[in-house]
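Below is the file query.txt, which contains compact mmCIF, C-alpha atoms.
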# COMPACT_ATOMS: atom_id res chain seq x y z
CA PHE A 30 123.03 14.45 -18.69
CA THR A 31 121.91 14.76 -15.06
CA TYR A 32 119.70 12.23 -13.37
CA VAL A 33 117.36 13.73 -10.83
CA ALA A 34 115.64 11.63 -8.17
CA PRO A 35 111.86 11.83 -8.48
CA GLN A 36 110.15 13.87 -5.82
CA PRO A 37 108.19 11.76 -3.32
CA VAL A 38 104.44 11.99 -3.83
CA THR A 39 102.02 12.49 -0.97
CA PRO A 40 99.92 9.40 -0.32
CA THR A 41 96.20 9.37 -1.02
CA LEU A 42 93.41 7.20 0.39
CA THR A 43 90.27 6.30 -1.53
CA SER A 44 88.54 3.81 0.78
CA ILE A 45 88.61 1.81 4.00
CA SER A 46 86.87 -1.54 4.48
CA PRO A 47 85.21 -2.25 6.80
CA ASN A 48 84.54 1.33 7.83
CA SER A 49 83.36 0.57 11.37
CA GLY A 50 84.38 -1.52 14.36
CA SER A 51 84.43 -1.96 18.11
CA THR A 52 85.73 0.59 20.62
CA ALA A 53 87.89 -2.26 21.90
CA GLY A 54 89.94 -2.11 18.68
CA GLY A 55 91.19 -5.21 16.92
CA THR A 56 89.25 -4.70 13.66
CA ALA A 57 91.24 -5.79 10.59
CA VAL A 58 90.83 -3.20 7.83
CA THR A 59 91.99 -2.71 4.25
CA LEU A 60 92.89 0.78 3.04
CA SER A 61 93.09 1.46 -0.69
CA GLY A 62 94.85 4.38 -2.37
CA THR A 63 98.09 5.41 -4.05
CA ASN A 64 101.71 6.09 -3.03
CA LEU A 65 101.28 4.13 0.21
CA ALA A 66 104.69 2.41 0.33
CA GLY A 67 106.25 2.66 3.79
CA ALA A 68 103.16 4.22 5.31
CA SER A 69 102.08 4.24 8.93
CA VAL A 70 98.37 4.48 9.76
CA SER A 71 96.57 6.61 12.33
CA PHE A 72 93.01 6.24 13.67
CA GLY A 73 92.04 9.53 15.24
CA GLY A 74 95.63 10.11 16.34
CA SER A 75 96.22 6.55 17.62
CA ALA A 76 98.60 4.29 15.72
CA ALA A 77 97.25 1.20 14.00
CA THR A 78 99.06 -2.10 14.50
CA GLY A 79 99.98 -4.86 12.07
CA VAL A 80 100.45 -2.40 9.18
CA SER A 81 101.41 -4.08 5.90
CA VAL A 82 101.61 -2.48 2.43
CA ASN A 83 101.42 -4.40 -0.85
CA ALA A 84 104.21 -4.26 -3.40
CA GLY A 85 102.46 -1.69 -5.56
CA GLY A 86 101.85 0.73 -2.72
CA THR A 87 98.12 0.73 -3.40
CA GLN A 88 96.74 -1.23 -0.46
CA ILE A 89 97.34 -1.37 3.29
CA THR A 90 96.13 -3.94 5.77
CA ALA A 91 96.09 -2.85 9.42
CA THR A 92 94.37 -3.43 12.75
CA SER A 93 92.43 -0.66 14.46
CA PRO A 94 93.52 0.50 17.94
CA ALA A 95 91.09 0.94 20.82
CA HIS A 96 89.21 4.27 20.74
CA ALA A 97 86.20 5.96 22.23
CA ALA A 98 82.90 5.63 20.35
CA GLY A 99 82.33 7.90 17.37
CA ALA A 100 83.69 8.72 13.92
CA VAL A 101 87.43 9.29 13.52
CA SER A 102 89.71 10.29 10.68
CA VAL A 103 92.04 7.62 9.35
CA THR A 104 95.19 8.77 7.59
CA ALA A 105 98.34 7.27 6.09
CA THR A 106 101.70 8.96 6.55
CA THR A 107 104.91 8.48 4.54
CA SER A 108 108.11 10.48 4.19
CA ALA A 109 106.28 12.59 1.60
CA GLY A 110 103.52 13.66 3.97
CA THR A 111 100.10 12.68 5.28
CA SER A 112 97.19 11.61 3.13
CA ASN A 113 93.65 12.84 3.04
CA ALA A 114 91.37 11.26 5.64
CA VAL A 115 88.81 8.50 5.32
CA THR A 116 86.26 7.89 8.06
CA PHE A 117 86.05 4.95 10.46
CA THR A 118 83.27 4.75 13.05
CA TYR A 119 83.79 3.17 16.47
CA SER A 120 80.78 1.71 18.26
CA GLU A 121 80.27 -0.04 21.58
CA PRO A 122 80.52 -3.85 21.55
CA THR A 123 77.24 -5.69 22.01
CA GLY A 124 76.20 -6.11 25.61
CA GLY A 125 78.55 -8.03 27.77
CA GLN A 126 79.74 -10.64 25.29
CA SER A 127 83.37 -11.68 25.30
CA THR A 128 85.43 -10.10 22.53
CA ILE A 129 88.54 -12.23 22.99
CA MET A 130 90.02 -14.92 25.17
CA GLU A 131 93.63 -15.90 25.70
CA GLU A 132 94.28 -19.28 24.09
CA VAL A 133 97.60 -20.01 25.81
CA LEU A 134 99.59 -18.57 28.74
CA PRO A 135 102.41 -17.77 28.93
CA TYR A 136 102.29 -16.94 25.23
CA SER A 137 103.54 -19.70 22.97
CA LEU A 138 105.72 -19.05 19.92
CA SER A 139 102.65 -19.04 17.66
CA ALA A 140 100.93 -16.43 19.85
CA ASN A 141 103.97 -14.19 20.29
CA SER A 142 107.33 -15.32 18.93
CA SER A 143 109.20 -12.72 21.02
CA ILE A 144 108.02 -14.17 24.34
CA LEU A 145 110.34 -16.68 25.98
CA VAL A 146 109.09 -18.59 29.01
CA ALA A 147 110.83 -19.17 32.35
CA SER A 148 112.31 -22.47 33.44
CA ASP A 149 109.58 -22.99 36.05
CA SER A 150 106.61 -21.55 34.17
CA VAL A 151 103.24 -23.21 34.55
CA LEU A 152 102.09 -23.75 30.94
CA SER A 153 98.35 -23.50 30.28
CA VAL A 154 96.33 -24.16 27.13
CA ARG A 155 92.66 -23.19 26.76
CA LEU A 156 90.04 -25.79 25.85
CA THR A 157 86.42 -24.93 25.08
CA ASN A 158 83.55 -27.11 23.90
CA ALA A 159 79.81 -26.82 23.47
CA ASN A 160 79.54 -29.84 25.76
CA GLN A 161 81.02 -30.29 29.21
CA ILE A 162 84.64 -31.46 29.23
CA ASP A 163 85.42 -34.51 31.37
CA PRO A 164 88.12 -33.35 33.85
CA ALA A 165 89.30 -36.94 34.35
CA SER A 166 90.10 -37.24 30.64
CA VAL A 167 92.39 -34.21 30.46
CA ARG A 168 95.96 -35.00 29.39
CA ALA A 169 99.05 -32.87 28.81
CA THR A 170 102.24 -34.22 27.26
CA LEU A 171 105.46 -32.21 27.28
CA ARG A 172 108.28 -33.06 24.88
CA MET A 173 111.70 -31.60 25.73
CA ASN A 174 115.20 -32.65 24.67
CA ASN A 175 113.81 -35.78 22.97
CA ARG A 176 112.15 -36.90 26.19
CA GLN A 177 108.45 -36.98 27.02
CA TYR A 178 106.70 -36.06 30.26
CA SER A 179 103.03 -36.44 31.17
CA GLY A 180 100.78 -34.37 33.40
CA GLY A 181 97.91 -31.94 33.14
CA GLU A 182 95.36 -30.47 35.55
CA TRP A 183 91.93 -29.13 34.60
CA ARG A 184 91.09 -25.57 35.73
CA PRO A 185 87.59 -24.38 34.68
CA THR A 186 87.25 -20.64 34.23
CA THR A 187 83.96 -20.81 36.16
CA PRO A 188 83.60 -23.40 38.93
CA GLY A 189 81.04 -26.03 37.98
CA ASP A 190 81.12 -25.16 34.26
CA ASN A 191 83.51 -27.46 32.41
CA SER A 192 82.70 -26.20 28.92
CA ASP A 193 85.56 -23.67 29.14
CA GLY A 194 88.83 -23.91 31.02
CA TRP A 195 92.56 -24.42 31.05
CA VAL A 196 94.72 -27.51 30.90
CA MET A 197 97.57 -26.55 33.23
CA TYR A 198 100.92 -28.30 33.00
CA VAL A 199 103.00 -27.84 36.16
CA PRO A 200 106.58 -28.94 35.35
CA SER A 201 107.75 -31.86 37.46
CA ARG A 202 111.31 -30.72 36.77
CA THR A 203 112.94 -27.45 35.77
CA LEU A 204 112.56 -26.72 32.07
CA SER A 205 115.92 -26.68 30.29
CA LEU A 206 117.26 -23.23 29.45
CA GLY A 207 117.29 -22.70 25.69
CA ALA A 208 115.10 -25.71 25.02
CA LEU A 209 112.32 -25.74 22.46
CA ILE A 210 109.46 -27.55 24.17
CA THR A 211 106.21 -28.87 22.74
CA LEU A 212 103.06 -29.19 24.82
CA THR A 213 100.15 -31.28 23.54
CA VAL A 214 96.83 -31.24 25.41
CA SER A 215 93.78 -33.40 24.81
CA ALA A 216 90.51 -34.30 26.50
CA LYS A 217 87.09 -35.85 25.98
CA THR A 218 83.61 -34.56 26.62
CA MET A 219 81.37 -36.12 29.25
CA GLN A 220 79.72 -37.96 26.33
CA GLY A 221 83.08 -39.55 25.45
CA GLU A 222 83.67 -37.49 22.30
CA ALA A 223 87.37 -36.81 21.69
CA ILE A 224 88.36 -33.14 21.51
CA PRO A 225 91.03 -32.53 18.86
CA PRO A 226 94.46 -32.12 20.49
CA VAL A 227 95.96 -28.65 20.78
CA ILE A 228 99.71 -28.31 20.26
CA GLN A 229 101.77 -25.31 21.41
CA GLN A 230 105.51 -24.69 21.35
CA PHE A 231 107.56 -22.57 23.76
CA ARG A 232 111.18 -21.48 24.04
CA VAL A 233 112.73 -21.45 27.52
CA SER A 234 114.92 -18.42 28.11
CA ARG A 235 115.57 -17.78 31.78
CA SER A 236 115.38 -18.99 35.33
CA TYR A 237 112.54 -17.56 37.35
CA SER A 238 111.76 -18.58 40.88
CA SER A 239 108.23 -17.70 41.93
CA SER A 240 104.95 -19.22 42.95
CA PRO A 241 101.67 -18.84 41.01
CA ASN A 242 100.34 -17.40 44.28
CA ASP A 243 103.08 -14.75 44.44
CA VAL A 244 101.34 -12.26 42.16
CA GLN A 245 102.82 -8.81 41.64
CA LEU A 246 101.88 -5.70 39.68
CA VAL A 247 104.86 -4.10 37.92
CA SER A 248 105.09 -1.18 35.52
CA ALA A 249 104.10 -2.16 31.98
CA SER A 250 105.81 -1.14 28.75
CA VAL A 251 102.53 -0.40 26.92
CA SER A 252 99.87 2.15 27.82
CA LEU A 253 96.20 2.65 27.08
CA PRO A 254 95.57 5.22 24.31
CA SER A 255 95.34 8.70 25.80
CA ASP A 256 91.73 9.21 24.76
CA LEU A 257 90.69 6.17 26.82
CA ALA A 258 93.15 6.30 29.71
CA ALA A 259 92.06 7.80 33.01
CA ARG A 260 94.11 10.90 33.70
CA GLY A 261 97.07 10.00 35.87
CA SER A 262 96.53 6.24 35.55
CA ARG A 263 99.38 3.80 35.07
CA ALA A 264 99.61 0.55 33.13
CA TYR A 265 100.55 -2.53 35.13
CA ALA A 266 101.71 -6.00 34.12
CA MET A 267 100.87 -8.92 36.37
CA ARG A 268 103.68 -11.34 37.16
CA PRO A 269 104.11 -14.25 36.76
CA MET A 270 102.37 -14.40 33.37
CA GLU A 271 100.37 -17.51 34.11
CA VAL A 272 96.94 -18.95 34.80
CA PHE A 273 96.36 -19.07 38.55
CA ASN A 274 95.31 -22.16 40.49
CA GLU A 275 92.47 -20.10 41.93
CA PRO A 276 91.32 -16.49 41.40
CA GLU A 277 93.77 -13.85 42.59
CA THR A 278 92.70 -10.52 44.09
CA ILE A 279 94.44 -7.43 42.77
CA GLN A 280 94.10 -3.77 43.75
CA ILE A 281 94.53 -1.04 41.13
CA PRO A 282 95.21 2.48 42.49
CA VAL A 283 92.59 5.05 41.48
CA PRO A 284 94.28 8.28 40.31
CA SER A 285 93.79 11.34 42.48
CA GLY A 286 90.70 13.27 41.47
CA SER A 287 89.09 10.37 39.60
CA ASP A 288 85.66 8.96 40.37
CA PRO A 289 86.00 5.15 40.48
CA ALA A 290 82.36 4.85 39.38
CA GLN A 291 83.38 6.37 36.05
CA LEU A 292 86.37 4.09 35.49
CA GLU A 293 86.77 0.75 33.77
CA ILE A 294 89.56 -1.84 33.81
CA TYR A 295 91.13 -2.35 30.39
CA TYR A 296 93.19 -5.40 29.41
CA TYR A 297 96.03 -5.57 26.88
CA SER A 298 96.56 -8.78 24.94
CA ASP A 299 100.00 -9.22 23.42
CA SER A 300 98.95 -12.25 21.40
CA SER A 301 99.32 -11.95 17.63
CA LEU A 302 95.77 -13.32 17.33
CA HIS A 303 94.19 -10.23 18.90
CA ARG A 304 96.87 -7.77 19.99
CA GLY A 305 95.40 -4.62 21.51
CA TRP A 306 93.45 -3.12 24.40
CA TYR A 307 90.02 -4.45 25.41
CA PRO A 308 87.53 -3.69 28.20
CA GLY A 309 88.38 -6.22 30.87
CA THR A 310 84.79 -7.48 31.05
CA GLU A 311 85.07 -8.54 27.39
CA VAL A 312 88.10 -10.79 27.93
CA GLY A 313 86.53 -14.20 28.35
CA GLY A 314 87.42 -15.91 31.61
CA TRP A 315 89.67 -13.15 32.98
CA ILE A 316 87.61 -11.23 35.55
CA VAL A 317 85.57 -13.23 38.05
CA PRO A 318 81.97 -12.01 37.59
CA GLY A 319 80.71 -9.89 40.48
CA SER A 320 84.14 -9.56 42.11
CA GLN A 321 84.84 -5.92 41.29
CA THR A 322 84.52 -3.40 44.12
CA VAL A 323 86.06 -0.21 45.51
CA VAL A 324 88.20 -0.30 48.65
CA ARG A 325 90.15 2.26 50.62
CA GLU A 326 93.40 1.52 52.42
CA ASP A 327 96.03 3.88 53.87
CA ARG A 328 94.34 6.95 52.39
CA GLN A 329 94.41 5.44 48.88
CA THR A 330 91.36 4.35 46.90
CA TYR A 331 91.63 1.16 44.86
CA ILE A 332 89.49 -0.75 42.42
CA GLU A 333 89.71 -4.34 43.63
CA VAL A 334 88.92 -7.31 41.43
CA GLN A 335 89.54 -11.03 41.20
CA VAL A 336 91.10 -12.44 38.04
CA ASN A 337 91.81 -15.96 36.76
CA HIS A 338 95.05 -15.22 34.97
CA ALA A 339 97.72 -12.59 34.60
CA GLY A 340 97.71 -9.80 32.04
CA THR A 341 98.52 -6.16 31.40
CA LEU A 342 95.91 -3.69 32.64
CA GLN A 343 95.12 -0.03 33.15
CA LEU A 344 92.23 2.06 34.42
CA GLY A 345 90.42 3.98 31.71
CA ASN A 346 87.25 5.94 31.21
CA ALA A 347 84.13 3.78 31.22
CA THR A 348 82.68 3.37 27.73
CA GLN A 349 79.32 1.91 28.74
CA GLY A 350 78.57 3.85 31.91
CA GLY A 351 79.88 0.92 33.91
CA GLY A 352 80.51 1.62 37.57
CA SER A 353 83.01 0.17 39.98
CA GLY A 354 81.14 0.95 43.18
CA ASP A 355 80.58 3.94 45.43
CA ASP A 356 82.90 6.87 44.91
CA ASP A 357 85.25 8.04 47.65
CA ASP A 358 87.16 11.16 48.53
CA ASP A 359 90.31 11.40 46.48
CA ASP A 360 93.82 11.28 47.89
CA ASP A 361 97.33 11.34 46.58
CA ASP A 362 98.54 8.37 44.59
CA ASP A 363 100.98 5.94 46.09
CA ASP A 364 104.32 6.19 44.34
CA ASP A 365 105.41 2.57 44.50
CA ASP A 366 108.91 1.72 43.40
CA GLU A 367 107.97 -0.68 40.64
CA HIS A 368 110.15 -1.84 37.80
CA ASP A 369 109.27 -3.20 34.40
CA GLU A 370 109.90 -6.89 33.91
CA SER A 371 110.31 -8.18 30.39
CA ASP A 372 109.05 -11.52 29.17
CA ASP A 373 111.91 -11.56 26.72

Rewritten as structure tokens:
Amino acid sequence: FTYVAPQPVTPTLTSISPNSGSTAGGTAVTLSGTNLAGASVSFGGSAATGVSVNAGGTQITATSPAHAAGAVSVTATTSAGTSNAVTFTYSEPTGGQSTIMEEVLPYSLSANSSILVASDSVLSVRLTNANQIDPASVRATLRMNNRQYSGGEWRPTTPGDNSDGWVMYVPSRTLSLGALITLTVSAKTMQGEAIPPVIQQFRVSRSYSSSPNDVQLVSASVSLPSDLAARGSRAYAMRPMEVFNEPETIQIPVPSGSDPAQLEIYYYSDSSLHRGWYPGTEVGGWIVPGSQTVVREDRQTYIEVQVNHAGTLQLGNATQGGGSGDDDDDDDDDDDDEHDESDD
């Protein structure tokens, strides 16, 4: 008697829910079908993230990638082949509202367990409230190696508006390599109402000597999907990965032959809460309103902008007709010798 392994069966899809979402990506969807074990998922040729298949191989949960507006085919692929397509429709986010905001920088273990902070990192936790937060009430307590340290400085995302901002903890001593540290932040509103404390944990992995004012753009390890990326554009990661004491000005090279008026700055969040690419204007508290312009230096055109914290960014095609200023004659790109720096 000869046992024969069953032939793998091509996966099939019967539905996707919801069947629409933002061009920024980040929509959690459920795909139903059969023979889905081990499947990867594609939205119009771009890979979905956070793919998980149930034990029976009949349901997939996944997160949509960023994509230009319009209907795309969604498919599931296994070793047996690619399924039939179901349709998902991308639409523009509603005018100018923030899609996401970073809750903690550098990323804590709950936001991204693979990120390990430096021994001199400035740790910042976001606080928001419908009422104004009292800056004098802000507290940050760091627990490390069974010892406790106090501090905390308030940094509003918009000067004069204390309803949204960061509690920044600047270490008074070098954080111990390998230590698991716990940061607890708390505050009160101007009416005296206590805001529930926020607790974040970090793991210290390496020494890193830099100043929050020493901001650099280095090559990033992730790139904007090809259907959104400006031709010839590069993805950059800002270092150090921190909230800045005051807005920092960065210049992003415009690729040769591109019209800066037709480009948009995209932001990549590596937090597990909303991992993906987003239009920079929809990342709450990142870009300083009204700061974006076009400049020209040494025969290179740049999009210049002020930002409140670090992040990964890339120039892409504008999705809402947004302009960056007057266009200029194009020139060759600068080929800077930049190297990727890992947070790990």

Residue neighbourhood A:Gln36, 12 Å, only C-alpha atoms, exclusion window fewer than 4 positions, as a ChimeraX atom specification: /A:64,108-110

If we count only C-alpha atoms and set the cut-off at 7 Å, which residues sit around stretch 73-81 of chain A, ignoring sequence neighbours fewer than 2 positions away in its own chain? Please answer as an mmCIF file with C-alpha atoms, in the coordinates of the input.
data_model
loop_
_atom_site.group_PDB
_atom_site.id
_atom_site.type_symbol
_atom_site.label_atom_id
_atom_site.label_comp_id
_atom_site.auth_asym_id
_atom_site.auth_seq_id
_atom_site.Cartn_x
_atom_site.Cartn_y
_atom_site.Cartn_z
ATOM 1 C CA SER A 69 102.080 4.240 8.930
ATOM 2 C CA VAL A 70 98.370 4.480 9.760
ATOM 3 C CA SER A 71 96.570 6.610 12.330
ATOM 4 C CA ASN A 83 101.420 -4.400 -0.850
ATOM 5 C CA ILE A 89 97.340 -1.370 3.290
ATOM 6 C CA THR A 90 96.130 -3.940 5.770
ATOM 7 C CA ALA A 91 96.090 -2.850 9.420
ATOM 8 C CA THR A 92 94.370 -3.430 12.750
ATOM 9 C CA SER A 93 92.430 -0.660 14.460
ATOM 10 C CA PRO A 94 93.520 0.500 17.940
ATOM 11 C CA VAL A 101 87.430 9.290 13.520
ATOM 12 C CA SER A 102 89.710 10.290 10.680
ATOM 13 C CA VAL A 103 92.040 7.620 9.350
ATOM 14 C CA PRO A 254 95.570 5.220 24.310
#

Separation of atom CA of A:Ala249 from atom CA of A:Pro289, in Å and rounded to one decimal: 21.3 Å

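Put simply, atom CA of A:His338 is 14.5 Å away from atom CA of A:Tyr198.
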
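Of the listed residues (A:Val244, A:Val336, A:Ile224, A:Ala57), A:Ile224 comes nearest to A:Thr157; the distances count all atoms listed in the file.
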
Restrict the output to stretch 208-220 of chain A and N, CA and C atoms, then write it as a tab-separated table (two decimals), in the first residue's frame.
chain	number	residue	atom	x	y	z
A	208	ALA	N	19.55	47.14	30.66
A	208	ALA	CA	18.52	47.32	31.69
A	208	ALA	C	17.13	47.39	31.08
A	209	LEU	N	16.16	46.86	31.81
A	209	LEU	CA	14.75	47.05	31.49
A	209	LEU	C	14.28	48.23	32.33
A	210	ILE	N	13.86	49.30	31.70
A	210	ILE	CA	13.49	50.49	32.45
A	210	ILE	C	12.00	50.78	32.26
A	211	THR	N	11.40	51.33	33.29
A	211	THR	CA	9.98	51.66	33.27
A	211	THR	C	9.82	53.16	33.48
A	212	LEU	N	9.09	53.79	32.58
A	212	LEU	CA	8.84	55.23	32.68
A	212	LEU	C	7.35	55.45	32.90
A	213	THR	N	7.02	56.16	33.98
A	213	THR	CA	5.63	56.48	34.30
A	213	THR	C	5.47	57.99	34.23
A	214	VAL	N	4.49	58.46	33.44
A	214	VAL	CA	4.26	59.90	33.34
A	214	VAL	C	2.84	60.20	33.81
A	215	SER	N	2.68	61.37	34.42
A	215	SER	CA	1.36	61.78	34.91
A	215	SER	C	1.27	63.29	34.85
A	216	ALA	N	0.06	63.80	34.94
A	216	ALA	CA	-0.17	65.25	34.90
A	216	ALA	C	-1.59	65.53	35.36
A	217	LYS	N	-1.90	66.81	35.50
A	217	LYS	CA	-3.25	67.27	35.80
A	217	LYS	C	-3.64	68.32	34.77
A	218	THR	N	-4.95	68.49	34.62
A	218	THR	CA	-5.43	69.56	33.76
A	218	THR	C	-5.38	70.88	34.53
A	219	MET	N	-5.61	71.98	33.83
A	219	MET	CA	-5.62	73.28	34.49
A	219	MET	C	-6.75	73.38	35.50
A	220	GLN	N	-7.76	72.50	35.38
A	220	GLN	CA	-8.87	72.46	36.33
A	220	GLN	C	-8.56	71.58	37.53
